[in-house]
file target-v4.cif (mmCIF, C-alpha atoms and all ligand atoms)
data_start
loop_
_atom_site.label_atom_id
_atom_site.label_comp_id
_atom_site.auth_asym_id
_atom_site.auth_seq_id
_atom_site.Cartn_x
_atom_site.Cartn_y
_atom_site.Cartn_z
CA MET A 1 0.00 0.00 0.00
CA GLN A 2 1.27 3.46 -0.88
CA ASN A 3 0.17 7.08 -0.45
CA TYR A 4 -1.08 8.96 -3.51
CA ASN A 5 -1.84 12.66 -3.77
CA ALA A 6 -4.86 13.00 -6.01
CA ASP A 7 -6.93 15.85 -7.42
CA PHE A 8 -10.16 14.87 -9.20
CA HIS A 9 -11.57 18.12 -10.56
CA ILE A 10 -10.29 20.12 -13.51
CA HIS A 11 -11.80 21.43 -16.71
CA GLY A 12 -10.78 21.16 -20.33
CA PRO A 13 -10.43 23.82 -23.01
CA TYR A 14 -14.12 23.53 -23.97
CA ALA A 15 -15.66 24.77 -20.70
CA GLY A 16 -16.39 28.45 -20.06
CA GLY A 17 -13.63 30.55 -18.49
CA THR A 18 -10.87 27.97 -18.87
CA SER A 19 -7.40 28.16 -20.38
CA LYS A 20 -7.52 27.20 -24.05
CA ASN A 21 -4.01 25.71 -23.68
CA LEU A 22 -5.22 22.94 -21.38
CA CYS A 23 -3.91 19.63 -22.66
CA VAL A 24 -2.92 16.24 -21.29
CA GLU A 25 0.82 16.96 -21.69
CA LYS A 26 0.67 20.13 -19.60
CA ILE A 27 -1.58 18.67 -16.89
CA ALA A 28 0.78 15.66 -16.68
CA GLU A 29 3.89 17.84 -16.48
CA MET A 30 2.58 20.40 -14.00
CA GLY A 31 0.79 17.71 -11.97
CA PHE A 32 4.17 16.02 -11.56
CA TYR A 33 5.95 19.21 -10.44
CA LYS A 34 3.07 19.99 -8.10
CA GLY A 35 3.46 16.61 -6.42
CA LEU A 36 0.28 14.87 -7.56
CA GLN A 37 0.59 11.18 -8.32
CA ILE A 38 -2.96 11.16 -9.68
CA SER A 39 -3.92 14.16 -11.80
CA PRO A 40 -7.41 14.92 -13.04
CA VAL A 41 -8.63 15.05 -16.61
CA GLY A 42 -12.18 16.40 -16.79
CA ASP A 43 -14.94 17.43 -19.20
CA LEU A 44 -14.70 14.01 -20.85
CA THR A 45 -18.28 13.90 -22.16
CA HIS A 46 -17.16 16.43 -24.77
CA LYS A 47 -16.29 14.31 -27.82
CA PRO A 48 -13.55 16.43 -29.48
CA TRP A 49 -11.79 16.77 -26.10
CA PHE A 50 -12.39 13.07 -25.34
CA ASP A 51 -10.75 12.11 -28.67
CA ASP A 52 -7.80 14.39 -28.00
CA VAL A 53 -7.30 13.03 -24.47
CA PHE A 54 -7.52 9.36 -25.43
CA SER A 55 -5.19 9.80 -28.39
CA LYS A 56 -2.54 10.58 -25.75
CA LEU A 57 -3.32 8.59 -22.60
CA GLN A 58 -2.04 5.06 -22.25
CA CYS A 59 -3.69 2.38 -20.13
CA GLU A 60 -2.23 -0.61 -18.34
CA ASP A 61 -3.59 -2.55 -15.39
CA GLU A 62 -6.67 -0.25 -15.48
CA ILE A 63 -4.37 2.71 -14.78
CA TYR A 64 -4.52 5.63 -17.23
CA PHE A 65 -1.22 7.46 -17.50
CA TYR A 66 0.99 9.74 -19.57
CA ASP A 67 4.80 9.65 -19.59
CA ILE A 68 6.53 13.02 -19.62
CA LYS A 69 10.04 14.28 -19.94
CA THR A 70 10.93 16.33 -16.90
CA ILE A 71 14.16 17.98 -15.76
CA PHE A 72 14.62 14.81 -13.67
CA GLY A 73 14.23 12.46 -16.64
CA GLU A 74 11.18 10.51 -17.75
CA LYS A 75 8.33 10.47 -15.21
CA ARG A 76 4.80 9.14 -15.17
CA THR A 77 1.60 10.97 -14.28
CA ASN A 78 -1.46 8.83 -13.59
CA PHE A 79 -4.89 10.15 -14.41
CA ILE A 80 -8.37 9.85 -13.00
CA LEU A 81 -11.11 10.27 -15.63
CA SER A 82 -13.92 12.61 -14.67
CA THR A 83 -16.51 15.10 -15.70
CA GLU A 84 -18.64 17.77 -14.10
CA VAL A 85 -22.25 18.15 -15.19
CA GLN A 86 -24.75 20.90 -14.49
CA ALA A 87 -28.26 19.81 -13.56
CA LYS A 88 -31.34 21.70 -14.71
CA ASP A 89 -31.47 23.59 -11.39
CA ARG A 90 -27.83 24.70 -12.09
CA THR A 91 -26.31 22.48 -9.36
CA HIS A 92 -22.97 20.87 -10.27
CA HIS A 93 -22.07 17.20 -9.87
CA ILE A 94 -18.84 15.28 -10.38
CA VAL A 95 -18.71 11.86 -11.98
CA LEU A 96 -15.63 9.61 -11.95
CA PHE A 97 -15.15 6.91 -14.61
CA PRO A 98 -13.24 3.62 -14.54
CA ASP A 99 -12.52 3.62 -18.28
CA LYS A 100 -13.12 5.04 -21.74
CA LYS A 101 -16.11 2.77 -22.42
CA SER A 102 -17.99 3.94 -19.32
CA ILE A 103 -17.64 7.57 -20.46
CA LEU A 104 -19.17 6.72 -23.82
CA GLY A 105 -21.98 4.87 -22.03
CA PHE A 106 -22.65 7.88 -19.79
CA ARG A 107 -22.57 10.14 -22.85
CA GLU A 108 -25.27 8.06 -24.52
CA ARG A 109 -27.47 8.34 -21.42
CA ILE A 110 -27.23 12.15 -21.21
CA LYS A 111 -27.15 12.92 -24.93
CA SER A 112 -30.88 13.59 -25.30
CA SER A 113 -30.83 15.83 -22.20
CA CYS A 114 -28.32 18.31 -23.57
CA ARG A 115 -28.86 20.61 -26.52
CA ASN A 116 -25.34 20.43 -27.91
CA LEU A 117 -23.09 18.09 -25.97
CA ASP A 118 -20.09 18.81 -28.18
CA GLY A 119 -20.66 22.56 -28.47
CA PRO A 120 -17.74 24.95 -27.97
CA MET A 121 -18.73 25.87 -24.40
CA ASN A 122 -20.14 22.51 -23.32
CA GLY A 123 -17.13 20.98 -21.59
CA ARG A 124 -19.34 21.09 -18.53
CA PRO A 125 -22.67 20.10 -20.10
CA TRP A 126 -25.87 21.71 -18.89
CA LEU A 127 -28.43 18.92 -18.67
CA SER A 128 -32.21 19.10 -18.52
CA LEU A 129 -32.05 16.45 -15.75
CA ASN A 130 -32.33 17.03 -12.03
CA ALA A 131 -29.82 15.77 -9.46
CA GLU A 132 -31.88 12.66 -8.75
CA GLU A 133 -32.02 11.72 -12.45
CA ILE A 134 -28.26 12.24 -12.81
CA ALA A 135 -27.70 10.13 -9.70
CA LYS A 136 -29.88 7.37 -11.19
CA ILE A 137 -27.71 7.22 -14.32
CA CYS A 138 -24.57 6.98 -12.16
CA VAL A 139 -26.07 4.26 -9.97
CA ASP A 140 -27.34 2.27 -13.01
CA SER A 141 -23.90 2.52 -14.64
CA ASP A 142 -22.00 1.84 -11.41
CA LEU A 143 -20.12 5.16 -11.50
CA THR A 144 -18.70 7.11 -8.58
CA PHE A 145 -20.34 10.51 -8.09
CA GLY A 146 -21.12 13.33 -5.68
CA PRO A 147 -21.93 17.03 -5.49
CA ALA A 148 -19.24 19.49 -6.67
CA HIS A 149 -18.29 22.46 -4.44
CA ALA A 150 -21.42 21.64 -2.48
CA PHE A 151 -21.80 24.90 -0.53
CA THR A 152 -20.97 27.65 -3.02
CA PRO A 153 -23.70 30.03 -4.13
CA TYR A 154 -25.13 29.62 -7.65
CA PHE A 155 -23.90 26.08 -8.39
CA GLY A 156 -23.59 24.24 -5.07
CA VAL A 157 -26.29 21.74 -4.10
CA TYR A 158 -26.63 23.27 -0.62
CA ALA A 159 -27.20 26.70 -2.16
CA HIS A 160 -30.44 25.30 -3.60
CA TYR A 161 -31.48 22.68 -1.05
CA ASP A 162 -31.36 22.46 2.74
CA SER A 163 -30.55 18.78 2.51
CA LEU A 164 -28.89 16.44 0.04
CA LYS A 165 -31.79 14.09 0.72
CA ILE A 166 -34.10 16.55 -1.03
CA ALA A 167 -31.72 17.01 -3.97
CA TYR A 168 -30.84 13.36 -4.59
CA GLY A 169 -34.08 11.78 -3.35
CA LYS A 170 -33.87 8.03 -3.09
CA TYR A 171 -30.27 8.05 -4.31
CA PHE A 172 -29.01 10.03 -1.32
CA GLU A 173 -27.45 6.92 0.20
CA ASP A 174 -25.59 6.24 -3.05
CA ILE A 175 -23.55 9.47 -3.01
CA ASP A 176 -19.90 8.42 -2.89
CA PHE A 177 -18.40 11.71 -1.72
CA LEU A 178 -19.00 15.40 -1.26
CA GLU A 179 -16.59 17.96 -2.72
CA LEU A 180 -16.04 20.75 -0.20
CA GLY A 181 -15.06 23.51 -2.63
CA LEU A 182 -12.44 26.17 -1.96
CA SER A 183 -14.60 28.16 0.46
CA ALA A 184 -15.18 25.29 2.91
CA ASP A 185 -13.11 22.69 4.73
CA SER A 186 -13.80 19.60 6.85
CA TYR A 187 -13.94 21.64 10.05
CA LEU A 188 -16.84 23.72 8.74
CA ALA A 189 -18.73 20.96 6.94
CA ASN A 190 -18.33 18.48 9.76
CA ASP A 191 -21.23 20.17 11.52
CA ILE A 192 -23.76 18.74 9.09
CA LEU A 193 -25.43 15.67 10.53
CA GLU A 194 -26.60 14.08 7.28
CA LEU A 195 -23.00 13.99 6.00
CA LYS A 196 -21.85 11.81 8.87
CA ASN A 197 -20.98 8.90 6.57
CA THR A 198 -20.02 10.83 3.43
CA PRO A 199 -16.29 11.22 2.66
CA PHE A 200 -15.18 14.78 1.93
CA LEU A 201 -12.99 15.52 -1.08
CA SER A 202 -10.80 18.57 -1.49
CA ASN A 203 -10.28 19.14 -5.23
CA SER A 204 -8.85 22.09 -7.11
CA ASP A 205 -11.58 22.74 -9.74
CA ALA A 206 -8.68 24.10 -11.79
CA HIS A 207 -9.34 26.08 -14.96
CA SER A 208 -5.67 26.03 -15.95
CA PHE A 209 -2.67 23.73 -15.45
CA TRP A 210 -0.51 26.15 -13.43
CA PRO A 211 0.53 24.68 -10.07
CA HIS A 212 -1.08 27.50 -8.08
CA ARG A 213 -4.37 26.22 -9.56
CA LEU A 214 -3.92 22.51 -10.37
CA GLY A 215 -3.67 20.63 -7.07
CA ARG A 216 -4.28 23.79 -4.99
CA GLU A 217 -6.53 21.36 -3.12
CA PHE A 218 -5.92 17.61 -3.14
CA ASN A 219 -6.57 14.37 -1.25
CA THR A 220 -4.08 11.79 -0.02
CA PHE A 221 -5.23 8.20 -0.52
CA GLN A 222 -3.76 4.95 0.67
CA LEU A 223 -4.01 2.60 -2.34
CA ASN A 224 -2.46 -0.46 -3.87
CA LYS A 225 -2.24 1.18 -7.28
CA PRO A 226 -3.44 4.45 -8.77
CA ASN A 227 -6.67 3.47 -10.52
CA TYR A 228 -10.40 4.08 -10.27
CA TYR A 229 -11.22 0.78 -8.58
CA GLU A 230 -8.75 1.41 -5.79
CA ILE A 231 -10.16 4.92 -5.25
CA GLU A 232 -13.66 3.47 -5.16
CA LYS A 233 -12.52 1.08 -2.42
CA ALA A 234 -10.81 3.89 -0.50
CA LEU A 235 -14.00 6.00 -0.53
CA GLY A 236 -15.82 3.00 0.94
CA LYS A 237 -12.96 2.29 3.39
CA LYS A 238 -12.62 -1.23 2.01
CA GLU A 239 -9.71 -3.69 2.23
CA GLY A 240 -7.36 -1.24 3.92
CA ARG A 241 -7.71 1.40 1.18
CA ASP A 242 -8.48 4.77 2.68
CA LEU A 243 -8.69 8.51 2.30
CA ILE A 244 -6.16 9.67 4.88
CA LEU A 245 -5.70 13.42 4.39
CA ASN A 246 -7.39 16.45 2.84
CA VAL A 247 -5.24 19.39 1.85
CA GLY A 248 -6.59 22.72 0.70
CA LEU A 249 -6.80 26.45 0.97
CA ASN A 250 -7.94 28.01 4.18
CA PRO A 251 -11.64 28.54 3.37
CA LYS A 252 -11.16 32.23 4.09
CA GLU A 253 -9.22 32.40 0.83
CA GLY A 254 -12.18 31.03 -1.15
CA MET A 255 -14.21 33.37 -3.37
CA TYR A 256 -17.48 32.72 -1.58
CA HIS A 257 -16.46 32.37 2.05
CA LYS A 258 -18.08 35.39 3.66
CA THR A 259 -21.36 37.17 3.03
CA ARG A 260 -20.63 40.33 1.04
CA CYS A 261 -22.18 42.86 -1.31
CA LYS A 262 -21.37 41.95 -4.90
CA ASP A 263 -20.92 45.59 -5.90
CA CYS A 264 -19.20 47.42 -3.05
CA LEU A 265 -17.86 44.31 -1.24
CA THR A 266 -19.06 45.38 2.21
CA PHE A 267 -19.15 42.42 4.62
CA TYR A 268 -22.45 41.51 6.27
CA SER A 269 -23.49 39.26 9.10
CA LEU A 270 -26.25 36.83 8.20
CA GLU A 271 -28.69 38.70 10.48
CA ASP A 272 -27.97 42.08 8.88
CA ALA A 273 -28.21 40.66 5.37
CA VAL A 274 -31.63 39.18 6.20
CA LYS A 275 -32.77 42.49 7.74
CA LEU A 276 -31.77 44.28 4.53
CA ASN A 277 -33.51 41.63 2.45
CA TRP A 278 -30.15 40.89 0.71
CA ARG A 279 -29.90 44.38 -0.76
CA CYS A 280 -26.97 46.61 0.13
CA PRO A 281 -27.64 50.34 0.55
CA CYS A 282 -25.44 50.74 -2.57
CA LYS A 283 -28.22 48.79 -4.37
CA GLY A 284 -25.93 45.81 -4.93
CA ILE A 285 -27.05 42.26 -4.20
CA ILE A 286 -25.65 40.74 -1.00
CA LYS A 287 -24.30 37.26 -1.71
CA LYS A 288 -24.55 34.69 1.06
CA GLY A 289 -21.17 33.22 1.98
CA VAL A 290 -20.43 29.53 2.50
CA TYR A 291 -19.57 30.24 6.14
CA ASP A 292 -23.07 31.52 6.83
CA ARG A 293 -24.76 28.91 4.65
CA ILE A 294 -23.20 26.10 6.68
CA LYS A 295 -24.24 27.83 9.92
CA GLU A 296 -27.82 27.90 8.60
CA ILE A 297 -28.01 24.23 7.71
CA ALA A 298 -26.03 23.03 10.72
CA PRO A 299 -26.87 25.22 13.66
CA LYS A 300 -25.61 22.66 16.17
CA ARG A 301 -21.98 21.64 16.30
CA GLU A 302 -21.54 17.93 15.70
CA LYS A 303 -18.19 16.22 15.44
CA TYR A 304 -17.32 13.00 13.67
CA ASP A 305 -14.08 11.33 12.88
CA ARG A 306 -12.59 12.73 9.71
CA PRO A 307 -9.16 12.66 8.13
CA GLU A 308 -7.09 15.70 9.04
CA TYR A 309 -7.62 18.76 6.83
CA LYS A 310 -4.37 20.61 6.26
CA HIS A 311 -4.47 24.24 5.10
CA ILE A 312 -1.98 25.10 2.41
CA LEU A 313 -0.81 28.00 0.28
CA ALA A 314 0.53 27.59 -3.25
CA LEU A 315 4.30 28.05 -3.45
CA ALA A 316 3.98 30.64 -6.23
CA GLU A 317 1.54 32.51 -4.02
CA ILE A 318 4.02 32.55 -1.10
CA ILE A 319 6.80 33.74 -3.41
CA ALA A 320 4.51 36.44 -4.84
CA ILE A 321 3.71 37.68 -1.32
CA ALA A 322 7.42 37.81 -0.49
CA GLN A 323 8.07 39.71 -3.73
CA ASN A 324 5.21 42.12 -3.15
CA SER A 325 3.61 40.92 -6.35
CA ASP A 326 -0.04 40.17 -7.09
CA ASN A 327 0.84 37.73 -9.82
CA PRO A 328 2.00 34.14 -9.17
CA LEU A 329 2.83 33.91 -12.88
CA ALA A 330 5.16 36.95 -12.86
CA GLU A 331 8.54 36.11 -14.37
CA LYS A 332 10.54 36.75 -11.20
CA VAL A 333 8.10 34.65 -9.15
CA GLN A 334 8.27 31.75 -11.60
CA LYS A 335 12.07 31.89 -11.69
CA ILE A 336 12.26 31.43 -7.90
CA TRP A 337 9.57 28.73 -8.07
CA TRP A 338 11.81 26.75 -10.44
CA ASP A 339 14.84 27.26 -8.16
CA PHE A 340 12.95 25.34 -5.48
CA ILE A 341 11.56 22.68 -7.81
CA LYS A 342 15.02 21.93 -9.27
CA ILE A 343 16.13 20.80 -5.81
CA ALA A 344 12.92 19.41 -4.30
CA GLU A 345 11.27 17.88 -7.41
CA THR A 346 7.77 18.86 -6.32
CA GLU A 347 5.98 21.82 -4.81
CA ILE A 348 4.37 19.67 -2.12
CA ASN A 349 7.86 18.60 -1.04
CA VAL A 350 8.93 22.23 -0.74
CA LEU A 351 5.86 23.27 1.22
CA LEU A 352 5.63 20.34 3.61
CA TYR A 353 8.80 18.28 3.79
CA LEU A 354 12.06 20.02 2.82
CA SER A 355 14.19 20.75 5.92
CA GLU A 356 14.77 24.35 6.99
CA PRO A 357 18.52 24.24 6.15
CA GLN A 358 17.64 22.94 2.68
CA LEU A 359 15.10 25.72 2.17
CA ASN A 360 17.64 28.30 3.35
CA GLU A 361 20.22 27.00 0.95
CA ILE A 362 17.91 27.54 -2.02
CA ASN A 363 16.66 31.02 -1.11
CA PRO A 364 16.89 32.30 2.49
CA GLU A 365 14.47 35.19 1.92
CA ILE A 366 11.68 32.98 0.56
CA ALA A 367 12.56 30.27 3.10
CA LYS A 368 11.56 32.72 5.84
CA TYR A 369 8.08 32.94 4.34
CA ILE A 370 7.75 29.17 3.87
CA ILE A 371 8.77 28.55 7.48
CA ALA A 372 6.30 31.21 8.67
CA PHE A 373 3.59 29.46 6.64
CA ARG A 374 4.53 26.12 8.26
CA ASN A 375 4.27 27.80 11.68
CA ASP A 376 0.77 28.92 10.72
CA TYR A 377 1.62 32.61 10.98
CA VAL A 378 -0.89 33.33 8.23
CA ASN A 379 -3.84 35.71 8.38
CA TYR A 380 -6.47 36.00 5.71
CA PHE A 381 -8.46 38.94 4.54
CA PRO A 382 -11.48 36.75 3.74
CA GLY A 383 -13.01 36.31 0.32
CA GLY A 384 -16.68 36.65 -0.59
CA ALA A 385 -19.08 37.59 -3.41
CA GLY A 386 -16.71 36.20 -6.04
CA GLN A 387 -13.49 37.81 -4.73
CA TYR A 388 -10.68 35.55 -3.57
CA GLY A 389 -9.44 36.11 -0.02
CA LYS A 390 -5.93 37.39 0.52
CA PRO A 391 -3.33 35.64 2.69
CA ILE A 392 -0.97 37.78 4.75
CA ILE A 393 2.14 36.19 6.22
CA ALA A 394 3.48 37.28 9.63
CA PHE A 395 6.72 36.29 11.35
CA SER A 396 5.58 35.86 14.94
CA GLU A 397 2.47 35.02 16.92
CA LEU A 398 2.32 38.64 18.11
CA GLU A 399 2.47 40.04 14.57
CA LYS A 400 -0.22 37.57 13.53
CA GLN A 401 -2.50 38.76 16.34
CA LYS A 402 -1.97 42.40 15.36
CA ASN A 403 -2.75 41.63 11.73
CA GLU A 404 -5.94 39.85 12.77
CA LEU A 405 -7.16 42.97 14.59
CA LYS A 406 -6.32 45.11 11.58
CA ILE A 407 -8.29 42.76 9.32
CA GLU A 408 -11.28 42.81 11.67
CA ASP A 409 -11.24 46.61 11.55
CA GLN A 410 -11.07 46.66 7.78
CA MET A 411 -13.93 44.20 7.53
CA LYS A 412 -16.15 46.58 9.50
CA GLU A 413 -15.67 49.28 6.90
CA LYS A 414 -19.01 50.24 5.35
CA LYS A 415 -17.88 50.60 1.80
CA TYR A 416 -21.27 51.69 0.44
CA LEU A 417 -20.76 54.99 2.23
CA GLN A 418 -17.97 55.74 -0.20
CA LYS A 419 -18.65 56.10 -3.88
CA SER A 420 -18.30 52.53 -5.14
CA THR A 421 -15.80 52.18 -7.97
CA GLY A 422 -16.05 48.42 -8.27
CA SER A 423 -12.34 47.99 -7.54
CA SER A 424 -12.36 49.01 -3.90
CA GLN A 425 -10.85 45.69 -2.77
CA ARG A 426 -7.59 46.71 -4.41
CA THR A 427 -6.96 49.24 -1.67
CA LEU A 428 -7.42 46.73 1.12
CA PHE A 429 -4.47 45.62 3.16
CA ALA A 430 -1.78 46.46 0.66
ZN ZN A 501 -18.66 23.50 -10.88
ZN ZN A 502 -22.95 47.30 -1.65
#
call {"tool": "encode", "arguments": {"input": "target-v4.cif", "output": "structure tokens"}}
result
Amino acid sequence: MQNYNADFHIHGPYAGGTSKNLCVEKIAEMGFYKGLQISPVGDLTHKPWFDDVFSKLQCEDEIYFYDIKTIFGEKRTNFILSTEVQAKDRTHHIVLFPDKKSILGFRERIKSSCRNLDGPMNGRPWLSLNAEEIAKICVDSDLTFGPAHAFTPYFGVYAHYDSLKIAYGKYFEDIDFLELGLSADSYLANDILELKNTPFLSNSDAHSFWPHRLGREFNTFQLNKPNYYEIEKALGKKEGRDLILNVGLNPKEGMYHKTRCKDCLTFYSLEDAVKLNWRCPCKGIIKKGVYDRIKEIAPKREKYDRPEYKHILALAEIIAIAQNSDNPLAEKVQKIWWDFIKIAETEINVLLYLSEPQLNEINPEIAKYIIAFRNDYVNYFPGGAGQYGKPIIAFSELEKQKNELKIEDQMKEKKYLQKSTGSSQRTLFA
């Protein structure tokens, strides 16, 4: 048995808002440097993308893989086959597939429920089926499935239903997992009684292959080999296979964590938002955050045994903070990122396992920030209403406490009193 870092949720070039350069080669290469042993390939109900993907993937022992040339020689990235579908109520669901044939079978079943399955924007097909009907297809075809980013507004199942039992009807018991989404973690979602027996997945939902997106959230599984059937066993805790760790962003960094006005970005408590009937004095719509949504559906705190959930920051993000840059893809940030990878092989190694002397040898200035991150000296100006949160790294417990007070003050700011320019978040906590 071996540990595998796995991310199950990514899109292809045919979904809205995704990088048009997404391809198997790049996901395989960057997945390797990130430290994933199982990388995702998604949107596979889209035939042109499906054909492209399967012209490149190889399969042996029911493991799909792609061999890449890296700066360390030839390496292998294993893949999990998946897709995300949108139900008629706009909720999103993830389906995992054992093989090529099962994708084609699923495609046949949903074909008549989608206007143009192979259309240019239909990587994530919008089906005229509800969650229960989608679940039925998955159960009939023996596929692994569950809700995607279950708590986020617009597309999360819990944004539309107070219970998964209402959404999935008689197939509720057949849900194999729940994807937490970037704005939630196991600590928050653990309060929900009906999820007592449902494994939580932390997946990236990446729209590009860059390592600050791909694998920004991942799961560590204990498996015999990296294929679908082993993952299926692990989700059911069978024969010693198991999900042993979730790793992801602090939910405060997620785009929908806190309740905020979409226009002026003022923060609201749930009570105040209700009093205002979800309208900000600036006339903007107040968008309910995942934090408050979970409080609504799980007012009582319940605790069950779960794998540990480890909060992480992307290495490029840490380097960007140290360089006072907003852009993890900036040339100087990427250059330093490669300096670390050349020694450590993978980003996950750098973040979690490289010793302090080794980090210092590569780049003492950045090492300071990585060590501070490991010590949990990180504050977050929380995200909400579609804006990512912003991590702030401190170098002592005292500095962290001071930063927290500063953030709390800034969150109290009533931005609608100023003339809203739509870019007011730029001025926050520079
Ligand atoms: Zn989605
Ligand atoms: Zn407003």
call {"tool": "closest_residue", "arguments": {"input": "target-v4.cif", "among": "A:Ala316, A:Ile110, A:Val157, A:Val24", "to": "ligand ZN 501 (chain A)", "atoms": "only C-alpha atoms and all ligand atoms"}}
result
A:Val157
call {"tool": "residues_around", "arguments": {"input": "target-v4.cif", "residues": "Met411 (chain A)", "least_positions_apart": "6", "cutoff": "12 Å", "atoms": "all atoms listed in the file", "output": "PyMOL selection string"}}
result
chain A and resi 258-260+265-269+380-384+389+404-405+425+428-429
call {"tool": "residues_near_ligand", "arguments": {"input": "target-v4.cif", "ligand": "ligand ZN 502 (chain A)", "cutoff": "12 Å", "atoms": "all atoms listed in the file", "output": "ChimeraX atom specification"}}
result
/A:259-268,273,276,278-287,385,413-422,424
call {"tool": "residues_near_ligand", "arguments": {"input": "target-v4.cif", "ligand": "ligand ZN 501 (chain A)", "cutoff": "12 Å", "atoms": "all atoms listed in the file", "output": "ChimeraX atom specification"}}
result
/A:9-11,15-17,42-43,83-87,90-95,123-126,146-157,179-182,203-207
call {"tool": "residues_around", "arguments": {"input": "target-v4.cif", "residues": "region 400-402 of chain A", "least_positions_apart": "6", "cutoff": "10 Å", "atoms": "only C-alpha atoms", "output": "list in words"}}
result
Asp376, Tyr377, Val378, Asn379, Ile392, Ile393 and Ala394 of chain A
call {"tool": "write_last_selection", "arguments": {"input": "target-v4.cif", "atoms": "C-alpha atoms", "output": "compact mmCIF listing (two decimals), keeping the file's coordinate frame"}}
result
# COMPACT_ATOMS: atom_id res chain seq x y z
CA ASP A 376 0.77 28.92 10.72
CA TYR A 377 1.62 32.61 10.98
CA VAL A 378 -0.89 33.33 8.23
CA ASN A 379 -3.84 35.71 8.38
CA ILE A 392 -0.97 37.78 4.75
CA ILE A 393 2.14 36.19 6.22
CA ALA A 394 3.48 37.28 9.63
call {"tool": "atom_distance", "arguments": {"input": "target-v4.cif", "atom1": "CA of Thr220 (chain A)", "atom2": "CA of Thr77 (chain A)"}}
result
15.4 Å
call {"tool": "closest_residue", "arguments": {"input": "target-v4.cif", "among": "A:Phe97, A:Tyr4, A:Phe32, A:Tyr161", "to": "Tyr228 (chain A)", "atoms": "all atoms listed in the file"}}
result
A:Phe97
call {"tool": "atom_distance", "arguments": {"input": "target-v4.cif", "atom1": "CA of Asp409 (chain A)", "atom2": "CA of Ile297 (chain A)"}}
result
28.2 Å
call {"tool": "residues_around", "arguments": {"input": "target-v4.cif", "residues": "Leu81 (chain A)", "least_positions_apart": "5", "cutoff": "12 Å", "atoms": "all atoms listed in the file", "output": "PyMOL selection string"}}
result
chain A and resi 6-12+24+38-45+50+53-54+57+59+62-65+94-103+143-145+226-229+231
call {"tool": "residues_around", "arguments": {"input": "target-v4.cif", "residues": "Leu359 (chain A)", "least_positions_apart": "3", "cutoff": "12 Å", "atoms": "all atoms listed in the file", "output": "short mmCIF file (atom, residue, chain, number, x, y, z; two decimals) with C-alpha atoms, in the frame of the given file"}}
result
data_model
loop_
_atom_site.label_atom_id
_atom_site.label_comp_id
_atom_site.auth_asym_id
_atom_site.auth_seq_id
_atom_site.Cartn_x
_atom_site.Cartn_y
_atom_site.Cartn_z
CA ILE A 336 12.26 31.43 -7.90
CA ASP A 339 14.84 27.26 -8.16
CA PHE A 340 12.95 25.34 -5.48
CA ILE A 341 11.56 22.68 -7.81
CA ILE A 343 16.13 20.80 -5.81
CA ALA A 344 12.92 19.41 -4.30
CA ASN A 349 7.86 18.60 -1.04
CA VAL A 350 8.93 22.23 -0.74
CA LEU A 351 5.86 23.27 1.22
CA LEU A 352 5.63 20.34 3.61
CA TYR A 353 8.80 18.28 3.79
CA LEU A 354 12.06 20.02 2.82
CA SER A 355 14.19 20.75 5.92
CA GLU A 356 14.77 24.35 6.99
CA ILE A 362 17.91 27.54 -2.02
CA ASN A 363 16.66 31.02 -1.11
CA PRO A 364 16.89 32.30 2.49
CA GLU A 365 14.47 35.19 1.92
CA ILE A 366 11.68 32.98 0.56
CA ALA A 367 12.56 30.27 3.10
CA LYS A 368 11.56 32.72 5.84
CA TYR A 369 8.08 32.94 4.34
CA ILE A 370 7.75 29.17 3.87
CA ILE A 371 8.77 28.55 7.48
#
call {"tool": "axis_aligned_box", "arguments": {"input": "target-v4.cif", "around": "region 25-28 of chain A", "padding_each_side": "4 Å", "output": "lines of an AutoDock Vina configuration file"}}
result
center_x = -0.4
center_y = 17.9
center_z = -19.2
size_x = 10.4
size_y = 12.5
size_z = 13.0
call {"tool": "residues_around", "arguments": {"input": "target-v4.cif", "residues": "Tyr14 (chain A)", "least_positions_apart": "5", "cutoff": "7 Å", "atoms": "all atoms listed in the file", "output": "ChimeraX atom specification"}}
result
/A:120-123
call {"tool": "closest_residue", "arguments": {"input": "target-v4.cif", "among": "A:Asp61, A:Glu397, A:Glu317, A:Glu74", "to": "Asn375 (chain A)", "atoms": "only C-alpha atoms"}}
result
A:Glu397
call {"tool": "atom_distance", "arguments": {"input": "target-v4.cif", "atom1": "CA of Asn78 (chain A)", "atom2": "CA of Pro13 (chain A)"}}
result
19.8 Å
call {"tool": "closest_residue", "arguments": {"input": "target-v4.cif", "among": "A:Asp140, A:Ile192, A:Lys275, A:Phe200", "to": "Asp174 (chain A)", "atoms": "only C-alpha atoms"}}
result
A:Asp140
call {"tool": "closest_residue", "arguments": {"input": "target-v4.cif", "among": "A:Tyr66, A:Leu117, A:Trp210, A:Trp338", "to": "Leu22 (chain A)", "atoms": "only C-alpha atoms"}}
result
A:Trp210
call {"tool": "closest_residue", "arguments": {"input": "target-v4.cif", "among": "A:Thr70, A:Ser113, A:Ser396, A:Gln37", "to": "Asn219 (chain A)", "atoms": "only C-alpha atoms"}}
result
A:Gln37
